[in-house]
file target33.cif (mmCIF, C-alpha atoms)
data_model
#
loop_
_atom_site.label_atom_id
_atom_site.label_comp_id
_atom_site.auth_asym_id
_atom_site.auth_seq_id
_atom_site.Cartn_x
_atom_site.Cartn_y
_atom_site.Cartn_z
CA MET R 1 0.28 9.14 20.64
CA CYS R 2 -0.28 9.45 16.89
CA ASP R 3 -2.06 6.78 14.84
CA MET R 4 0.09 6.06 11.78
CA ARG R 5 -1.89 3.12 10.37
CA PHE R 6 -3.27 3.26 6.85
CA PHE R 7 -5.32 0.08 7.10
CA THR R 8 -8.22 -0.51 9.48
CA ASP R 9 -8.21 -2.93 12.39
CA THR R 10 -10.84 -4.91 10.50
CA GLU R 11 -8.45 -5.37 7.58
CA PHE R 12 -5.66 -6.56 9.87
CA ASN R 13 -8.00 -8.90 11.74
CA ASP R 14 -9.07 -10.45 8.44
CA ARG R 15 -5.45 -10.98 7.41
CA ILE R 16 -4.61 -12.61 10.75
CA ARG R 17 -7.67 -14.84 10.45
CA ARG R 18 -6.64 -16.05 6.98
CA VAL R 19 -3.03 -16.70 7.97
CA ARG R 20 -4.16 -18.57 11.09
CA ALA R 21 -6.39 -20.75 8.93
CA ALA R 22 -3.40 -21.54 6.71
CA ILE R 23 -1.26 -22.35 9.77
CA GLN R 24 -3.96 -24.68 11.07
CA ASP R 25 -4.31 -26.38 7.68
CA ALA R 26 -0.57 -27.02 7.75
CA GLY R 27 -0.90 -28.77 11.10
CA TRP R 28 0.99 -26.23 13.21
CA ASP R 29 0.13 -24.47 16.46
CA ALA R 30 2.06 -21.28 15.66
CA CYS R 31 4.35 -19.64 13.15
CA ILE R 32 7.40 -17.43 13.74
CA ILE R 33 7.46 -14.79 11.00
CA THR R 34 10.60 -12.77 10.23
CA ASN R 35 10.15 -11.51 6.66
CA PRO R 36 9.47 -7.74 6.98
CA GLU R 37 6.77 -7.85 4.28
CA ASN R 38 4.84 -10.48 6.22
CA ILE R 39 5.23 -8.73 9.57
CA TYR R 40 4.03 -5.49 8.01
CA TYR R 41 1.11 -7.30 6.36
CA LEU R 42 -0.07 -8.64 9.72
CA THR R 43 0.79 -5.77 12.08
CA GLY R 44 1.41 -2.53 10.15
CA LEU R 45 5.02 -2.19 11.36
CA SER R 46 6.79 -0.01 8.77
CA HIS R 47 10.25 1.26 9.69
CA GLN R 48 13.92 0.77 8.89
CA GLY R 49 14.75 -1.17 12.04
CA TYR R 50 14.35 -4.60 10.47
CA PHE R 51 18.14 -4.87 10.24
CA ALA R 52 17.96 -6.01 13.89
CA TYR R 53 16.24 -9.29 14.72
CA THR R 54 12.48 -8.81 14.60
CA SER R 55 9.92 -11.59 14.68
CA LEU R 56 6.19 -12.06 15.01
CA ILE R 57 4.89 -15.17 16.74
CA LEU R 58 1.40 -15.89 15.42
CA PRO R 59 -0.30 -18.62 17.49
CA LEU R 60 -3.62 -20.21 16.65
CA ASP R 61 -4.83 -18.99 20.04
CA GLY R 62 -3.60 -16.04 22.04
CA SER R 63 -2.17 -12.67 21.12
CA PRO R 64 0.18 -12.23 18.16
CA THR R 65 3.50 -11.38 19.80
CA LEU R 66 6.05 -9.00 18.28
CA ILE R 67 9.66 -9.49 19.41
CA MET R 68 12.00 -6.60 18.72
CA ARG R 69 14.33 -4.06 20.29
CA GLU R 70 12.97 -2.23 23.31
CA MET R 71 14.00 1.12 21.83
CA GLU R 72 11.37 0.65 19.09
CA LYS R 73 8.42 0.72 21.49
CA MET R 74 7.15 4.15 20.40
CA ILE R 75 6.88 3.19 16.73
CA VAL R 76 5.13 0.00 17.85
CA ARG R 77 2.70 2.12 19.83
CA ASP R 78 1.96 4.37 16.86
CA MET R 79 1.97 1.86 13.99
CA VAL R 80 1.14 -1.63 15.19
CA VAL R 81 -2.43 -2.84 15.67
CA PRO R 82 -3.26 -2.81 19.39
CA THR R 83 -4.12 -6.52 19.52
CA VAL R 84 -0.43 -7.36 19.00
CA LYS R 85 1.62 -7.87 22.16
CA PHE R 86 5.05 -6.20 22.29
CA PHE R 87 7.77 -8.44 23.76
CA PRO R 88 11.04 -6.44 23.77
CA TYR R 89 14.65 -7.36 24.18
CA SER R 90 17.12 -4.84 25.57
CA ASP R 91 19.59 -4.61 22.69
CA GLY R 92 22.78 -5.94 24.19
CA ILE R 93 22.61 -4.56 27.74
CA ASP R 94 21.49 -6.05 31.02
CA PRO R 95 17.95 -5.25 32.16
CA LEU R 96 17.70 -1.76 33.59
CA PRO R 97 17.19 -1.35 37.34
CA PRO R 98 13.64 -1.29 38.68
CA PRO R 99 11.86 2.01 38.05
CA ARG R 100 11.84 4.68 40.69
CA ASP R 101 8.14 5.11 40.09
CA ARG R 102 6.54 3.62 36.99
CA ASP R 103 3.58 6.01 37.35
CA GLU R 104 5.96 8.90 36.86
CA ASP R 105 7.19 7.76 33.45
CA LEU R 106 6.42 10.96 31.56
CA THR R 107 6.49 9.21 28.18
CA LEU R 108 3.50 7.10 29.13
CA ILE R 109 1.18 9.83 30.44
CA GLY R 110 -0.18 13.01 28.99
CA GLU R 111 0.99 16.44 29.99
CA ARG R 112 0.22 16.89 33.66
CA GLN R 113 -1.86 19.84 34.61
CA GLY R 114 0.30 22.75 35.67
CA SER R 115 3.51 21.10 34.42
CA SER R 116 6.33 23.49 33.57
CA LEU R 117 8.07 20.94 31.33
CA SER R 118 8.85 21.97 27.78
CA GLY R 119 10.56 20.30 24.83
CA LEU R 120 11.02 16.55 24.76
CA ARG R 121 9.83 14.68 27.83
CA PRO R 122 12.23 12.28 29.58
CA SER R 123 12.16 8.75 28.19
CA SER R 124 11.54 5.64 30.21
CA MET R 125 15.20 4.68 29.66
CA SER R 126 16.42 7.82 31.46
CA LEU R 127 13.94 7.23 34.29
CA GLY R 128 15.24 3.73 34.89
CA VAL R 129 12.22 1.78 33.66
CA SER R 130 13.25 -1.83 33.11
CA VAL R 131 12.03 -4.03 30.29
CA GLN R 132 11.09 -6.65 32.87
CA ALA R 133 8.51 -6.37 35.62
CA ASN R 134 9.69 -6.32 39.22
CA ASP R 135 8.19 -9.72 40.01
CA GLU R 136 9.83 -11.55 37.09
CA GLU R 137 12.71 -13.97 37.49
CA PRO R 138 15.99 -12.54 36.18
CA MET R 139 16.48 -13.35 32.52
CA ASP R 140 18.95 -12.38 29.85
CA TYR R 141 16.85 -9.82 28.01
CA ALA R 142 19.86 -8.91 25.92
CA ASN R 143 19.59 -12.21 24.05
CA PRO R 144 16.84 -12.13 21.40
CA ALA R 145 16.83 -15.93 21.06
CA LYS R 146 16.16 -16.36 24.78
CA VAL R 147 13.46 -13.71 24.62
CA THR R 148 11.89 -15.68 21.76
CA CYS R 149 11.95 -18.83 23.89
CA GLN R 150 10.36 -16.93 26.78
CA ALA R 151 7.62 -15.59 24.51
CA LEU R 152 6.90 -19.09 23.21
CA THR R 153 6.71 -20.35 26.79
CA ASP R 154 4.36 -17.54 27.82
CA LEU R 155 2.11 -18.42 24.87
CA GLY R 156 1.93 -22.06 26.02
CA LEU R 157 3.96 -23.33 23.06
CA SER R 158 6.75 -25.11 24.96
CA ALA R 159 5.87 -28.47 23.41
CA ALA R 160 3.90 -27.33 20.38
CA ARG R 161 4.26 -27.64 16.62
CA VAL R 162 5.90 -24.40 15.50
CA ALA R 163 7.04 -23.40 12.02
CA PHE R 164 9.41 -20.59 11.16
CA GLU R 165 10.43 -18.92 7.89
CA LYS R 166 13.65 -20.71 7.01
CA ASN R 167 13.81 -18.81 3.71
CA SER R 168 13.91 -15.42 5.44
CA SER R 169 16.94 -13.23 4.79
CA PHE R 170 16.11 -11.43 8.04
CA LEU R 171 16.50 -14.41 10.37
CA PRO R 172 20.11 -14.63 11.59
CA TYR R 173 21.29 -18.23 11.64
CA ARG R 174 22.67 -17.85 15.16
CA VAL R 175 19.31 -16.66 16.52
CA ALA R 176 17.40 -19.49 14.81
CA GLU R 177 19.94 -22.04 16.02
CA GLU R 178 19.66 -20.79 19.60
CA PHE R 179 15.87 -20.61 19.86
CA THR R 180 15.39 -24.05 18.29
CA ALA R 181 18.01 -25.56 20.59
CA GLY R 182 16.50 -23.74 23.56
CA MET R 183 13.06 -25.31 23.05
CA PRO R 184 13.85 -29.04 22.63
CA GLN R 185 10.24 -30.15 23.19
CA VAL R 186 8.95 -28.05 20.30
CA HIS R 187 8.38 -29.81 16.98
CA TRP R 188 9.99 -27.41 14.50
CA ASP R 189 9.01 -27.12 10.86
CA ASP R 190 9.63 -24.88 7.83
CA ALA R 191 6.89 -22.28 7.29
CA GLY R 192 7.79 -21.97 3.61
CA ASP R 193 5.41 -19.59 1.80
CA VAL R 194 2.45 -19.97 4.15
CA VAL R 195 2.20 -16.20 4.76
CA ASN R 196 3.38 -15.20 1.27
CA ASP R 197 0.54 -17.26 -0.20
CA CYS R 198 -2.01 -15.42 1.92
CA ARG R 199 -0.93 -11.98 0.77
CA ILE R 200 -0.56 -12.48 -3.00
CA LEU R 201 -4.19 -11.40 -3.53
CA GLN R 202 -4.51 -7.69 -2.83
CA SER R 203 -7.64 -6.37 -1.16
CA PRO R 204 -9.41 -3.22 -2.44
CA ALA R 205 -7.58 -1.16 0.21
CA GLU R 206 -4.23 -2.62 -0.86
CA LEU R 207 -5.00 -1.96 -4.52
CA GLU R 208 -5.68 1.65 -3.65
CA CYS R 209 -2.08 1.87 -2.42
CA THR R 210 -0.78 0.10 -5.52
CA ARG R 211 -2.64 2.51 -7.81
CA ARG R 212 -1.14 5.45 -5.94
CA ALA R 213 2.29 3.87 -6.29
CA ALA R 214 1.72 3.43 -10.04
CA GLY R 215 1.02 7.13 -10.47
CA ILE R 216 4.22 7.96 -8.62
CA SER R 217 6.14 5.45 -10.76
CA ASP R 218 4.95 7.07 -13.97
CA ALA R 219 5.95 10.51 -12.72
CA MET R 220 9.40 9.23 -11.72
CA VAL R 221 10.26 7.58 -15.02
CA MET R 222 8.84 10.46 -17.10
CA SER R 223 10.95 12.93 -15.12
CA ALA R 224 13.99 10.75 -15.84
CA ILE R 225 13.20 10.79 -19.56
CA ALA R 226 12.73 14.57 -19.51
CA MET R 227 16.09 15.05 -17.77
CA ALA R 228 18.05 12.65 -20.00
CA GLY R 229 20.11 13.84 -22.95
CA GLU R 230 23.57 14.16 -24.40
CA GLY R 231 26.07 15.39 -21.80
CA VAL R 232 23.80 14.70 -18.83
CA PRO R 233 25.34 12.69 -15.95
CA THR R 234 23.31 9.69 -14.87
CA ARG R 235 23.47 11.01 -11.29
CA THR R 236 21.59 14.13 -12.47
CA VAL R 237 18.87 11.86 -13.86
CA ALA R 238 18.78 10.04 -10.51
CA ALA R 239 18.48 13.31 -8.58
CA GLN R 240 15.47 14.32 -10.66
CA VAL R 241 13.86 10.93 -10.09
CA TYR R 242 14.23 11.20 -6.32
CA ALA R 243 12.90 14.75 -6.25
CA THR R 244 9.85 13.70 -8.23
CA MET R 245 9.31 10.60 -6.09
CA ILE R 246 9.21 12.61 -2.88
CA GLN R 247 7.21 15.53 -4.27
CA ARG R 248 4.54 13.18 -5.61
CA GLY R 249 3.97 11.65 -2.19
CA GLY R 250 6.14 8.56 -2.41
CA THR R 251 8.40 7.18 0.28
CA TYR R 252 11.67 5.27 -0.06
CA PRO R 253 11.14 2.26 -2.35
CA ALA R 254 12.29 -1.24 -1.53
CA PHE R 255 14.68 -1.16 -4.46
CA VAL R 256 16.61 1.89 -5.64
CA PRO R 257 15.71 3.28 -9.08
CA LEU R 258 17.80 1.45 -11.70
CA ILE R 259 19.43 4.01 -14.01
CA ARG R 260 22.15 2.57 -16.26
CA SER R 261 23.90 3.69 -19.42
CA THR R 262 25.37 1.49 -22.16
CA ARG R 263 28.62 0.99 -20.24
CA THR R 264 26.83 -0.59 -17.26
CA LEU R 265 23.85 -2.04 -19.09
CA ASP R 266 24.80 -5.60 -18.16
CA HIS R 267 24.93 -4.85 -14.44
CA GLU R 268 21.63 -6.58 -13.78
CA HIS R 269 20.93 -4.84 -10.50
CA GLY R 270 23.35 -1.94 -10.75
CA THR R 271 22.35 1.71 -10.96
CA TRP R 272 23.73 5.21 -11.62
CA ASP R 273 27.39 6.08 -11.28
CA ASP R 274 29.76 8.77 -12.63
CA ASP R 275 28.87 8.12 -16.27
CA VAL R 276 27.81 10.96 -18.61
CA LEU R 277 25.38 10.20 -21.43
CA THR R 278 26.86 10.44 -24.93
CA PRO R 279 25.40 10.20 -28.45
CA ALA R 280 24.13 6.69 -29.33
CA ASP R 281 24.02 5.71 -25.64
CA LEU R 282 21.24 3.58 -24.26
CA LEU R 283 19.66 4.66 -20.98
CA PHE R 284 18.00 1.87 -19.03
CA LEU R 285 15.29 2.99 -16.58
CA GLU R 286 13.47 0.71 -14.16
CA MET R 287 11.94 2.03 -10.96
CA SER R 288 8.93 2.04 -8.69
CA GLY R 289 7.04 4.49 -6.59
CA CYS R 290 6.17 3.32 -3.09
CA TYR R 291 3.00 4.17 -1.22
CA TRP R 292 2.50 2.60 2.23
CA ARG R 293 5.09 -0.03 1.20
CA TYR R 294 3.18 -1.04 -1.96
CA HIS R 295 5.00 -0.90 -5.29
CA ALA R 296 4.15 -0.66 -8.99
CA PRO R 297 7.35 -0.83 -11.09
CA VAL R 298 7.74 0.58 -14.60
CA GLY R 299 10.65 0.42 -17.04
CA ARG R 300 11.71 1.92 -20.37
CA LEU R 301 14.82 1.95 -22.59
CA ILE R 302 15.74 5.42 -23.88
CA HIS R 303 18.01 6.16 -26.85
CA ILE R 304 20.35 9.15 -26.60
CA GLY R 305 20.89 11.18 -29.79
CA THR R 306 19.91 8.52 -32.33
CA PRO R 307 18.25 5.12 -31.94
CA SER R 308 20.43 2.06 -32.29
CA LYS R 309 20.15 -0.24 -35.29
CA GLY R 310 17.00 -2.37 -35.21
CA ALA R 311 15.59 -0.47 -32.23
CA GLU R 312 12.28 0.33 -33.90
CA ARG R 313 11.50 -3.31 -34.73
CA ALA R 314 12.63 -4.51 -31.31
CA THR R 315 10.51 -1.87 -29.57
CA ARG R 316 7.44 -2.83 -31.61
CA ALA R 317 8.05 -6.49 -30.77
CA CYS R 318 8.29 -5.73 -27.04
CA ILE R 319 5.14 -3.59 -27.07
CA GLU R 320 3.10 -6.18 -28.95
CA ALA R 321 4.45 -8.97 -26.75
CA GLU R 322 3.31 -7.06 -23.66
CA GLU R 323 -0.07 -6.53 -25.29
CA SER R 324 -0.29 -10.29 -25.92
CA VAL R 325 0.47 -10.94 -22.26
CA VAL R 326 -2.17 -8.43 -21.13
CA GLY R 327 -4.68 -10.08 -23.46
CA THR R 328 -3.90 -13.51 -22.03
CA ILE R 329 -3.99 -12.67 -18.31
CA ARG R 330 -7.23 -13.55 -16.56
CA PRO R 331 -8.22 -15.67 -13.55
CA GLY R 332 -7.63 -19.36 -14.14
CA VAL R 333 -4.79 -19.21 -16.67
CA THR R 334 -1.34 -20.43 -15.68
CA ALA R 335 1.88 -18.47 -15.59
CA ASN R 336 3.19 -20.78 -18.33
CA GLU R 337 0.33 -19.79 -20.65
CA VAL R 338 1.17 -16.14 -20.12
CA TYR R 339 4.86 -16.71 -20.84
CA GLN R 340 4.06 -18.62 -24.03
CA ALA R 341 1.92 -15.70 -25.25
CA TRP R 342 4.94 -13.42 -24.80
CA LYS R 343 7.29 -15.86 -26.52
CA ARG R 344 5.02 -16.44 -29.52
CA THR R 345 4.93 -12.72 -30.21
CA ILE R 346 8.69 -12.34 -29.91
CA ASP R 347 9.10 -15.31 -32.28
CA ARG R 348 6.73 -13.76 -34.80
CA PHE R 349 9.04 -10.75 -35.06
CA GLY R 350 11.97 -13.02 -35.89
CA PHE R 351 13.47 -13.31 -32.40
CA ASP R 352 12.68 -17.03 -32.06
CA TYR R 353 16.25 -17.69 -30.85
CA TYR R 354 15.76 -15.32 -27.91
CA HIS R 355 14.69 -16.62 -24.48
CA ARG R 356 14.02 -15.06 -21.11
CA HIS R 357 13.61 -16.79 -17.75
CA HIS R 358 10.31 -14.96 -17.22
CA CYS R 359 8.14 -12.14 -18.53
CA GLY R 360 6.95 -10.82 -15.18
CA TYR R 361 6.64 -11.47 -11.46
CA LEU R 362 4.40 -10.74 -8.49
CA VAL R 363 4.87 -7.43 -6.68
CA GLY R 364 3.24 -5.71 -3.73
CA ILE R 365 4.58 -5.03 -0.24
CA GLY R 366 8.32 -4.50 -0.30
CA PHE R 367 11.11 -3.55 2.09
CA PRO R 368 14.73 -3.10 1.07
CA PRO R 369 16.28 -4.82 -0.78
CA SER R 370 13.37 -6.05 -2.96
CA TRP R 371 10.00 -4.80 -4.18
CA SER R 372 8.96 -8.38 -4.98
CA GLY R 373 8.87 -9.43 -1.34
CA SER R 374 11.13 -12.04 0.22
CA GLY R 375 13.31 -14.37 -1.83
CA VAL R 376 13.33 -15.04 -5.56
CA PRO R 377 10.28 -13.50 -7.30
CA ARG R 378 7.31 -15.71 -8.15
CA SER R 379 7.30 -15.40 -11.89
CA LEU R 380 5.42 -15.74 -15.13
CA ARG R 381 7.93 -18.26 -16.40
CA ASN R 382 8.17 -21.13 -18.86
CA GLY R 383 6.65 -24.28 -17.37
CA SER R 384 5.21 -22.64 -14.24
CA ASP R 385 1.89 -24.03 -12.98
CA LEU R 386 1.10 -20.92 -10.91
CA VAL R 387 -2.62 -20.22 -11.46
CA LEU R 388 -3.56 -16.55 -11.78
CA GLN R 389 -6.29 -15.17 -9.52
CA GLN R 390 -8.15 -11.91 -9.25
CA GLY R 391 -6.19 -9.44 -7.11
CA MET R 392 -2.71 -10.60 -8.13
CA VAL R 393 -0.41 -7.74 -9.17
CA PHE R 394 2.42 -8.39 -11.63
CA HIS R 395 5.35 -6.42 -12.94
CA LEU R 396 5.38 -7.39 -16.64
CA LEU R 397 8.71 -7.26 -18.48
CA SER R 398 9.03 -7.34 -22.24
CA TRP R 399 12.74 -7.38 -22.93
CA LEU R 400 14.97 -7.74 -26.00
CA MET R 401 18.56 -6.94 -25.10
CA ARG R 402 21.85 -7.99 -26.69
CA THR R 403 20.03 -9.62 -29.60
CA GLY R 404 22.38 -8.20 -32.21
CA GLU R 405 19.28 -7.08 -34.13
CA GLY R 406 17.91 -4.36 -31.90
CA ASP R 407 17.46 -3.53 -28.22
CA ALA R 408 14.27 -2.64 -26.38
CA PHE R 409 12.73 -2.81 -22.93
CA VAL R 410 9.19 -2.09 -21.78
CA SER R 411 7.78 -2.96 -18.36
CA ASP R 412 4.54 -2.13 -16.59
CA THR R 413 2.50 -3.09 -13.54
CA VAL R 414 -0.86 -4.80 -14.03
CA VAL R 415 -3.56 -6.26 -11.80
CA VAL R 416 -5.60 -9.37 -12.54
CA THR R 417 -9.27 -8.38 -12.60
CA GLU R 418 -12.44 -10.45 -12.48
CA THR R 419 -12.48 -10.85 -16.26
CA GLY R 420 -8.96 -9.99 -17.42
CA CYS R 421 -6.18 -7.56 -16.73
CA GLU R 422 -5.79 -3.83 -16.06
CA ILE R 423 -2.58 -1.91 -16.75
CA LEU R 424 -1.78 0.43 -13.85
CA THR R 425 1.29 2.27 -15.22
CA ASN R 426 0.90 4.46 -18.30
CA THR R 427 4.23 5.96 -19.30
CA PRO R 428 4.36 6.14 -23.17
CA ARG R 429 5.77 2.92 -24.61
CA GLU R 430 6.87 3.94 -28.09
CA LEU R 431 10.51 4.33 -29.14
CA THR R 432 11.91 7.36 -27.29
CA VAL R 433 14.97 9.34 -28.33
CA ARG R 434 16.47 12.11 -26.17
#
call {"tool": "encode", "arguments": {"input": "target33.cif", "output": "structure tokens"}}
result
Amino acid sequence: MCDMRFFTDTEFNDRIRRVRAAIQDAGWDACIITNPENIYYLTGLSHQGYFAYTSLILPLDGSPTLIMREMEKMIVRDMVVPTVKFFPYSDGIDPLPPPRDRDEDLTLIGERQGSSLSGLRPSSMSLGVSVQANDEEPMDYANPAKVTCQALTDLGLSAARVAFEKNSSFLPYRVAEEFTAGMPQVHWDDAGDVVNDCRILQSPAELECTRRAAGISDAMVMSAIAMAGEGVPTRTVAAQVYATMIQRGGTYPAFVPLIRSTRTLDHEHGTWDDDVLTPADLLFLEMSGCYWRYHAPVGRLIHIGTPSKGAERATRACIEAEESVVGTIRPGVTANEVYQAWKRTIDRFGFDYYHRHHCGYLVGIGFPPSWSGSGVPRSLRNGSDLVLQQGMVFHLLSWLMRTGEGDAFVSDTVVVTETGCEILTNTPRELTVR
């Protein structure tokens, strides 16, 4: 066994306590959580197996119960806090036959004295170890919805008030339909943002990860700038970014680095292709390092050969608008106040006709396909009454594109501090020509 947890059991216990308090305040007895960011936040499960149905049942009383494929048991053993119960389903096959001898499962014991075995030890699957105990009634363990119902029953929630994350992209409709229909005595409700709300304030340990991610982000985007130039394919820029990301200690980010030239500039969430940079091209860069699933995005707009008309004024406007935002952010202000600070600065530079839907959004834990967590980002937008608190981390975006009077883009990650705001990414912001 190898312990692959970054956070302490105390940190996880505190998170579970706070989410349970929120569940209780909402009037529920339990919550079924399927957003990967929220499962990771509460258990430490970090892997790429979330494409298959995975859920965490968090009751007010009793063990948190993780429902996922039986084949994932070793990563659960190594990553998930030990207080979480593992309730597997058998991934589309009938339960295996009873074990020949469960005590002889060589994956569950250490090397036996005098053993001549070498290489990989036999797995429990090859030894015939079933996912159900011998004394259990037969059940369809190949059906994750039925396994969910069984777990709810075992937790004493057969007639309880249970919420689940209806906004989750990782909850297949068929599974949700089956487990709700299979537990007719349960009072079902929508969990909404109950877990998201608990994790928007990063602890000191989480901020340590975010700061590490910010350093990786800076290295990534600066390596992209260094590689860029006339005649350089965008895929070559991307290759340099990935090399830097890995060499600096980052892991795969929740969103691929966005690297676009003038031809694909309007592809909002597109990235590199077969394009080759030419004189007067724009190179759009937006990316994030990832450290223990925490992100700190950064973005810059690079000019190839010569800057476009009006670029200097637009860049100065974006930089000063970001500075206005940073000067406004502090605990107690609303997202609307922050947005208005950005807009006033843009207006002062003569771009009063220009509007954006937001000037930043919350970031933190992220799994593909988003570094802003589940669903549409919670933003610093016009009219928003979101109140800023110490420990919130935002990706700020100061953006002037397709204005007809100059193009610029500057983005950075910041954290709300006790008295104001700290910028975590530090790639140079001035007009850059390659």
call {"tool": "residues_near_point", "arguments": {"input": "target33.cif", "point": "(7.2, -14.0, -2.1)", "cutoff": "8 Å", "atoms": "all atoms listed in the file", "output": "list in words"}}
result
Asp193, Asn196, Asp197, Ile200, Leu362, Ser372, Gly373, Ser374, Gly375, Val376, Pro377 and Arg378 of chain R
call {"tool": "atom_distance", "arguments": {"input": "target33.cif", "atom1": "atom CA of R:Arg316", "atom2": "atom CA of R:Ile259"}}
result
22.4 Å
call {"tool": "closest_residue", "arguments": {"input": "target33.cif", "among": "R:Arg69, R:Arg161, R:Arg293, R:His267", "to": "R:Phe367", "atoms": "all atoms listed in the file"}}
result
R:Arg293
call {"tool": "closest_residue", "arguments": {"input": "target33.cif", "among": "R:Cys359, R:Val241, R:Leu66, R:Val162", "to": "R:Ala228", "atoms": "only C-alpha atoms"}}
result
R:Val241
call {"tool": "closest_residue", "arguments": {"input": "target33.cif", "among": "R:Val298, R:Ala311, R:Ile225, R:Val325", "to": "R:Gly404", "atoms": "only C-alpha atoms"}}
result
R:Ala311
call {"tool": "resolve_selection", "arguments": {"input": "target33.cif", "expression": "the PyMOL selection byres ((chain R and resi 412) around 7)", "output": "list in words"}}
result
Pro297, Val298, Gly299, His395, Leu396, Leu397, Val410, Ser411, Thr413, Val414 and Thr425 of chain R
call {"tool": "closest_residue", "arguments": {"input": "target33.cif", "among": "R:Asp189, R:Glu320, R:Glu405, R:Glu178", "to": "R:Ala30", "atoms": "only C-alpha atoms"}}
result
R:Asp189
call {"tool": "closest_residue", "arguments": {"input": "target33.cif", "among": "R:Asp14, R:Glu323, R:Glu230, R:Glu337", "to": "R:Arg199", "atoms": "only C-alpha atoms"}}
result
R:Asp14
call {"tool": "resolve_selection", "arguments": {"input": "target33.cif", "expression": "the PyMOL selection byres ((chain R and resi 284) around 12)", "output": "JSON, numbers by chain"}}
result
{"R": [221, 224, 225, 228, 234, 237, 238, 257, 258, 259, 260, 261, 262, 263, 264, 265, 266, 267, 268, 269, 270, 271, 272, 277, 281, 282, 283, 285, 286, 287, 298, 299, 300, 301, 302, 303, 304, 399, 401, 407, 408, 409, 410, 411, 432]}
call {"tool": "resolve_selection", "arguments": {"input": "target33.cif", "expression": "the PyMOL selection byres ((chain R and resi 292) around 12)", "output": "PyMOL selection string"}}
result
chain R and resi 4-7+37+40-41+44-47+79+205-213+249-254+289-291+293-296+364-367
call {"tool": "residues_around", "arguments": {"input": "target33.cif", "residues": "R:Thr43", "least_positions_apart": "4", "cutoff": "7 Å", "atoms": "only C-alpha atoms", "output": "MDAnalysis selection string"}}
result
chainID R and resid 12 39 80:81
call {"tool": "residues_around", "arguments": {"input": "target33.cif", "residues": "stretch 344-357 of chain R", "least_positions_apart": "4", "cutoff": "9 Å", "atoms": "only C-alpha atoms", "output": "NGL selection string"}}
result
:R and (313-314 or 316-318 or 320-322 or 324 or 339-340 or 379-382 or 399-400 or 403 or 405)
call {"tool": "write_last_selection", "arguments": {"input": "target33.cif", "atoms": "C-alpha atoms", "output": "mmCIF file, keeping the file's coordinate frame"}}
result
data_model
loop_
_atom_site.group_PDB
_atom_site.id
_atom_site.type_symbol
_atom_site.label_atom_id
_atom_site.label_comp_id
_atom_site.auth_asym_id
_atom_site.auth_seq_id
_atom_site.Cartn_x
_atom_site.Cartn_y
_atom_site.Cartn_z
ATOM 1 C CA ARG R 313 11.500 -3.310 -34.730
ATOM 2 C CA ALA R 314 12.630 -4.510 -31.310
ATOM 3 C CA ARG R 316 7.440 -2.830 -31.610
ATOM 4 C CA ALA R 317 8.050 -6.490 -30.770
ATOM 5 C CA CYS R 318 8.290 -5.730 -27.040
ATOM 6 C CA GLU R 320 3.100 -6.180 -28.950
ATOM 7 C CA ALA R 321 4.450 -8.970 -26.750
ATOM 8 C CA GLU R 322 3.310 -7.060 -23.660
ATOM 9 C CA SER R 324 -0.290 -10.290 -25.920
ATOM 10 C CA TYR R 339 4.860 -16.710 -20.840
ATOM 11 C CA GLN R 340 4.060 -18.620 -24.030
ATOM 12 C CA SER R 379 7.300 -15.400 -11.890
ATOM 13 C CA LEU R 380 5.420 -15.740 -15.130
ATOM 14 C CA ARG R 381 7.930 -18.260 -16.400
ATOM 15 C CA ASN R 382 8.170 -21.130 -18.860
ATOM 16 C CA TRP R 399 12.740 -7.380 -22.930
ATOM 17 C CA LEU R 400 14.970 -7.740 -26.000
ATOM 18 C CA THR R 403 20.030 -9.620 -29.600
ATOM 19 C CA GLU R 405 19.280 -7.080 -34.130
#
call {"tool": "closest_residue", "arguments": {"input": "target33.cif", "among": "R:Arg434, R:Lys166, R:Asn13, R:Met220", "to": "R:Arg248", "atoms": "all atoms listed in the file"}}
result
R:Met220
